[in-house]
$ cat my_file.txt   # compact mmCIF, C-alpha atoms
# COMPACT_ATOMS: atom_id res chain seq x y z
CA MET C 250 -12.85 35.43 42.02
CA LYS C 251 -15.39 35.71 39.18
CA THR C 252 -12.62 36.85 36.82
CA LYS C 253 -10.45 33.81 37.63
CA LEU C 254 -13.42 31.48 37.19
CA SER C 255 -14.32 33.14 33.87
CA ARG C 256 -10.73 32.76 32.64
CA LEU C 257 -10.65 29.12 33.71
CA ILE C 258 -13.92 28.38 31.90
CA MET C 259 -12.66 30.19 28.78
CA LEU C 260 -9.40 28.19 28.79
CA ALA C 261 -11.32 24.92 29.19
CA LEU C 262 -13.60 25.81 26.26
CA MET C 263 -10.62 26.76 24.09
CA ALA C 264 -8.98 23.41 24.90
CA LEU C 265 -12.12 21.52 23.91
CA VAL C 266 -12.37 23.43 20.63
CA SER C 267 -8.72 22.75 19.78
CA ILE C 268 -9.11 19.04 20.54
CA GLY C 269 -12.07 18.79 18.16
CA ALA C 270 -10.23 20.65 15.40
CA SER C 271 -7.28 18.27 15.35
CA ALA C 272 -9.09 15.09 14.28
CA GLN C 273 -6.87 12.50 12.67
CA TYR C 274 -7.30 9.55 10.37
CA VAL C 275 -5.06 6.89 8.82
CA VAL C 276 -4.62 6.57 5.05
CA CYS C 277 -3.56 3.24 3.56
CA THR C 278 -0.42 3.66 1.40
CA GLY C 279 -0.18 0.10 0.07
CA ASN C 280 -2.43 -2.32 -1.78
CA ASN C 281 -4.01 -5.41 -0.22
CA VAL C 282 -3.07 -4.37 3.31
CA ARG C 283 -4.37 -6.57 6.11
CA LEU C 284 -6.17 -5.35 9.21
CA ARG C 285 -5.41 -7.28 12.40
CA TYR C 286 -7.03 -7.75 15.80
CA GLY C 287 -3.77 -6.91 17.60
CA PRO C 288 -0.62 -4.82 17.03
CA SER C 289 1.45 -7.67 15.59
CA THR C 290 1.90 -9.53 12.30
CA ASN C 291 1.15 -12.66 14.35
CA ALA C 292 -2.28 -11.32 15.39
CA GLN C 293 -5.39 -12.74 13.72
CA MET C 294 -6.37 -11.04 10.45
CA LEU C 295 -9.82 -9.57 9.84
CA LYS C 296 -11.84 -11.97 7.67
CA ASN C 297 -15.18 -11.73 5.89
CA SER C 298 -18.15 -14.05 6.46
CA LYS C 299 -16.61 -16.61 4.05
CA GLY C 300 -13.39 -16.75 6.05
CA GLN C 301 -11.37 -14.81 3.47
CA PRO C 302 -9.01 -12.00 4.53
CA VAL C 303 -10.34 -8.46 4.18
CA TYR C 304 -7.85 -6.17 2.44
CA ILE C 305 -7.59 -2.39 2.54
CA GLN C 306 -6.51 -0.64 -0.65
CA LYS C 307 -4.22 2.32 -1.28
CA GLY C 308 -5.95 5.63 -0.61
CA GLN C 309 -8.61 4.17 1.68
CA SER C 310 -8.97 6.07 4.96
CA LEU C 311 -9.80 4.76 8.41
CA ASN C 312 -10.72 6.50 11.64
CA TYR C 313 -7.68 6.84 13.91
CA LEU C 314 -8.16 5.48 17.43
CA GLY C 315 -4.60 5.48 18.72
CA ASN C 316 -1.06 4.25 18.44
CA ASP C 317 0.55 1.12 19.86
CA GLY C 318 3.73 3.15 20.33
CA ARG C 319 5.72 1.10 17.85
CA ASP C 320 4.67 -0.43 14.54
CA PHE C 321 0.86 -0.20 14.28
CA TYR C 322 -1.98 2.31 14.29
CA ASN C 323 -5.21 1.41 16.06
CA VAL C 324 -8.06 2.16 13.62
CA GLU C 325 -11.81 1.73 13.32
CA TYR C 326 -13.24 -0.36 10.49
CA ASN C 327 -16.93 -1.30 10.30
CA GLY C 328 -17.29 -0.45 14.00
CA LYS C 329 -14.38 -2.70 15.02
CA SER C 330 -11.15 -1.66 16.71
CA LEU C 331 -8.34 -3.10 14.55
CA PHE C 332 -4.67 -2.49 13.76
CA ILE C 333 -2.85 -1.55 10.56
CA SER C 334 0.92 -1.60 10.05
CA LYS C 335 2.65 1.78 9.92
CA ASP C 336 4.73 0.38 7.04
CA PHE C 337 1.62 0.52 4.82
CA SER C 338 -0.23 3.56 6.20
CA ARG C 339 0.25 7.09 7.40
CA LEU C 340 -1.38 9.31 9.99
CA VAL C 341 -3.05 12.44 8.63
CA ASN C 342 -4.19 15.50 10.58
CA ASN C 343 -7.61 16.62 9.45
CA ASP C 344 -7.65 20.38 9.75
CA ASP C 345 -10.43 21.02 7.23
CA ASN C 346 -13.23 18.85 8.69
CA ARG C 347 -13.26 16.28 5.86
CA ARG C 348 -13.48 13.44 8.35
CA TYR C 349 -15.70 10.56 7.45
CA THR C 350 -16.52 7.20 8.95
CA VAL C 351 -16.33 3.82 7.25
CA ASP C 352 -19.18 1.53 8.28
CA LYS C 353 -21.49 -1.09 6.78
CA ASN C 354 -23.49 1.65 4.98
CA THR C 355 -20.46 3.22 3.32
CA ARG C 356 -20.68 3.37 -0.49
CA TYR C 357 -17.63 2.92 -2.67
CA VAL C 358 -16.46 4.02 -6.09
CA VAL C 359 -14.79 0.96 -7.64
CA VAL C 360 -12.15 1.63 -10.30
CA ASN C 361 -12.69 -0.72 -13.26
CA GLY C 362 -9.95 0.41 -15.61
CA ASN C 363 -6.21 0.89 -15.80
CA ASN C 364 -4.48 4.28 -15.64
CA VAL C 365 -7.68 5.97 -14.45
CA ARG C 366 -6.96 9.61 -13.68
CA LEU C 367 -7.92 11.32 -10.45
CA ARG C 368 -8.84 14.93 -11.14
CA TYR C 369 -9.24 18.03 -9.00
CA GLY C 370 -12.48 18.97 -10.77
CA PRO C 371 -15.31 17.33 -12.75
CA SER C 372 -13.79 17.86 -16.19
CA THR C 373 -11.19 16.30 -18.47
CA ASN C 374 -9.58 19.75 -18.45
CA ALA C 375 -9.11 19.67 -14.65
CA ASN C 376 -5.63 19.03 -13.27
CA ILE C 377 -4.57 15.43 -12.60
CA TYR C 378 -3.34 14.22 -9.20
CA ARG C 379 0.46 13.79 -9.40
CA ASP C 380 3.32 12.78 -7.15
CA LYS C 381 6.15 15.10 -6.08
CA ARG C 382 8.07 14.38 -9.29
CA GLY C 383 5.06 15.25 -11.43
CA ALA C 384 4.12 11.70 -12.48
CA PRO C 385 0.38 10.92 -12.50
CA ILE C 386 -0.89 8.73 -9.67
CA PHE C 387 -3.41 6.07 -10.68
CA PRO C 388 -5.50 3.93 -8.32
CA THR C 389 -5.21 0.24 -9.16
CA LYS C 390 -7.98 -1.58 -11.02
CA GLY C 391 -10.47 -2.88 -8.45
CA CYS C 392 -9.49 -0.25 -5.88
CA MET C 393 -12.47 0.78 -3.75
CA LEU C 394 -12.54 4.48 -2.86
CA ILE C 395 -14.96 5.97 -0.38
CA TYR C 396 -17.83 7.67 -2.21
CA ALA C 397 -18.24 11.39 -1.49
CA GLY C 398 -20.93 12.37 -4.01
CA GLN C 399 -21.31 13.03 -7.71
CA THR C 400 -21.40 15.88 -10.18
CA GLY C 401 -22.80 15.14 -13.63
CA ASP C 402 -20.79 12.32 -15.22
CA TRP C 403 -18.24 12.30 -12.38
CA TYR C 404 -18.04 10.59 -8.99
CA LYS C 405 -16.35 12.31 -6.07
CA ALA C 406 -14.25 9.96 -3.95
CA TYR C 407 -11.63 10.06 -1.22
CA TYR C 408 -8.10 9.04 -2.18
CA ASP C 409 -5.05 9.67 -0.03
CA GLY C 410 -7.23 11.66 2.37
CA ARG C 411 -8.46 14.11 -0.29
CA ILE C 412 -11.49 14.36 -2.55
CA PHE C 413 -10.96 13.77 -6.26
CA TYR C 414 -13.22 13.37 -9.28
CA ILE C 415 -13.33 10.19 -11.38
CA SER C 416 -15.20 9.83 -14.67
CA LYS C 417 -18.16 7.44 -14.41
CA LYS C 418 -16.85 5.81 -17.61
CA HIS C 419 -13.99 4.24 -15.62
CA CYS C 420 -15.68 3.20 -12.38
CA TYR C 421 -18.93 2.13 -10.79
CA LEU C 422 -20.73 2.70 -7.51
CA LYS C 423 -20.98 -0.13 -4.99

$ encode --input "my_file.txt" --output "structure tokens"
Amino acid sequence: MKTKLSRLIMLALMALVSIGASAQYVVCTGNNVRLRYGPSTNAQMLKNSKGQPVYIQKGQSLNYLGNDGRDFYNVEYNGKSLFISKDFSRLVNNDDNRRYTVDKNTRYVVVNGNNVRLRYGPSTNANIYRDKRGAPIFPTKGCMLIYAGQTGDWYKAYYDGRIFYISKKHCYLK
């Protein structure tokens, strides 16, 4: 009896560990993407205190809360449960514990130039982030990336669910 109980407890603990290791988040794949209060393009859009729509930019990540089963992901933004279209986002499994939360205290790296390179290390000699064809990928001017730290003259920021380095010459901290 003790052996069966021990096995049952061990299986339950293993299940809990595996659930925690498979955290997911949603990465925005388009620019100026709207968040909505319901899973429909007819649902009310999220607006700021001035009544203007709040837009999510390419590369920005949101905590994944669920799936409407069709066209939208349920995500968390500033503590609110909202929806983002699957046409402009993708679900990412987070197997390396780089999960982060966006809230009112989140700091951003704002890109203030064109063709700003995302690098894998804090150096102009570090490799540049590229697409599958080998073309460089540049965040758009004004894009706000979630701040992840800094090293010397470089900011670390999340883009497309990964951490990259951006020269402080081409961006600022907000």

$ closest_residue --input "my_file.txt" --among "C:Val365, C:Met393, C:Thr278, C:Gly308" --to "Arg411 of chain C" --atoms "all atoms listed in the file"
C:Gly308

$ residues_around --input "my_file.txt" --residues "Val282 of chain C" --least-positions-apart "6" --cutoff "12 Å" --atoms "only C-alpha atoms" --output "list in words"
Val276, Thr290, Met294, Leu295, Pro302, Val303, Tyr304, Ile305, Gln306, Lys307, Gly308, Gln309, Phe332, Ile333, Ser334, Lys335, Asp336, Phe337, Ser338 and Cys392 of chain C

$ atom_distance --input "my_file.txt" --atom1 "atom CA of Val358 of chain C" --atom2 "atom CA of Leu284 of chain C"
20.7 Å

$ closest_residue --input "my_file.txt" --among "C:Asn291, C:Asn323, C:Asn316, C:Asn354" --to "Ile395 of chain C" --atoms "only C-alpha atoms"
C:Asn354

$ closest_residue --input "my_file.txt" --among "C:Leu331, C:Ala375, C:Leu394, C:Val359" --to "Lys296 of chain C" --atoms "only C-alpha atoms"
C:Leu331

$ atom_distance --input "my_file.txt" --atom1 "atom CA of Gly279 of chain C" --atom2 "atom CA of Tyr396 of chain C"
19.3 Å

$ axis_aligned_box --input "my_file.txt" --around "segment 365-380 of chain C" --padding-each-side "6 Å" --output "JSON"
{"center_x": -6.0, "center_y": 12.9, "center_z": -12.8, "size_x": 30.6, "size_y": 25.8, "size_z": 23.3}

$ closest_residue --input "my_file.txt" --among "C:Lys417, C:Leu340, C:Leu311, C:Tyr407" --to "Gly328 of chain C" --atoms "only C-alpha atoms"
C:Leu311

$ atom_distance --input "my_file.txt" --atom1 "atom CA of Arg356 of chain C" --atom2 "atom CA of Tyr322 of chain C"
23.9 Å

$ residues_around --input "my_file.txt" --residues "Lys418 of chain C" --least-positions-apart "2" --cutoff "12 Å" --atoms "all atoms listed in the file" --output "number ranges by chain"
C: 358-363, 365-366, 373, 401-404, 414-416, 420-422

$ residues_around --input "my_file.txt" --residues "Tyr378 of chain C" --least-positions-apart "2" --cutoff "10 Å" --atoms "only C-alpha atoms" --output "list in words"
Arg366, Leu367, Arg368, Tyr369, Ala375, Asn376, Asp380, Gly383, Ala384, Pro385, Ile386, Phe387, Tyr408, Phe413 and Tyr414 of chain C
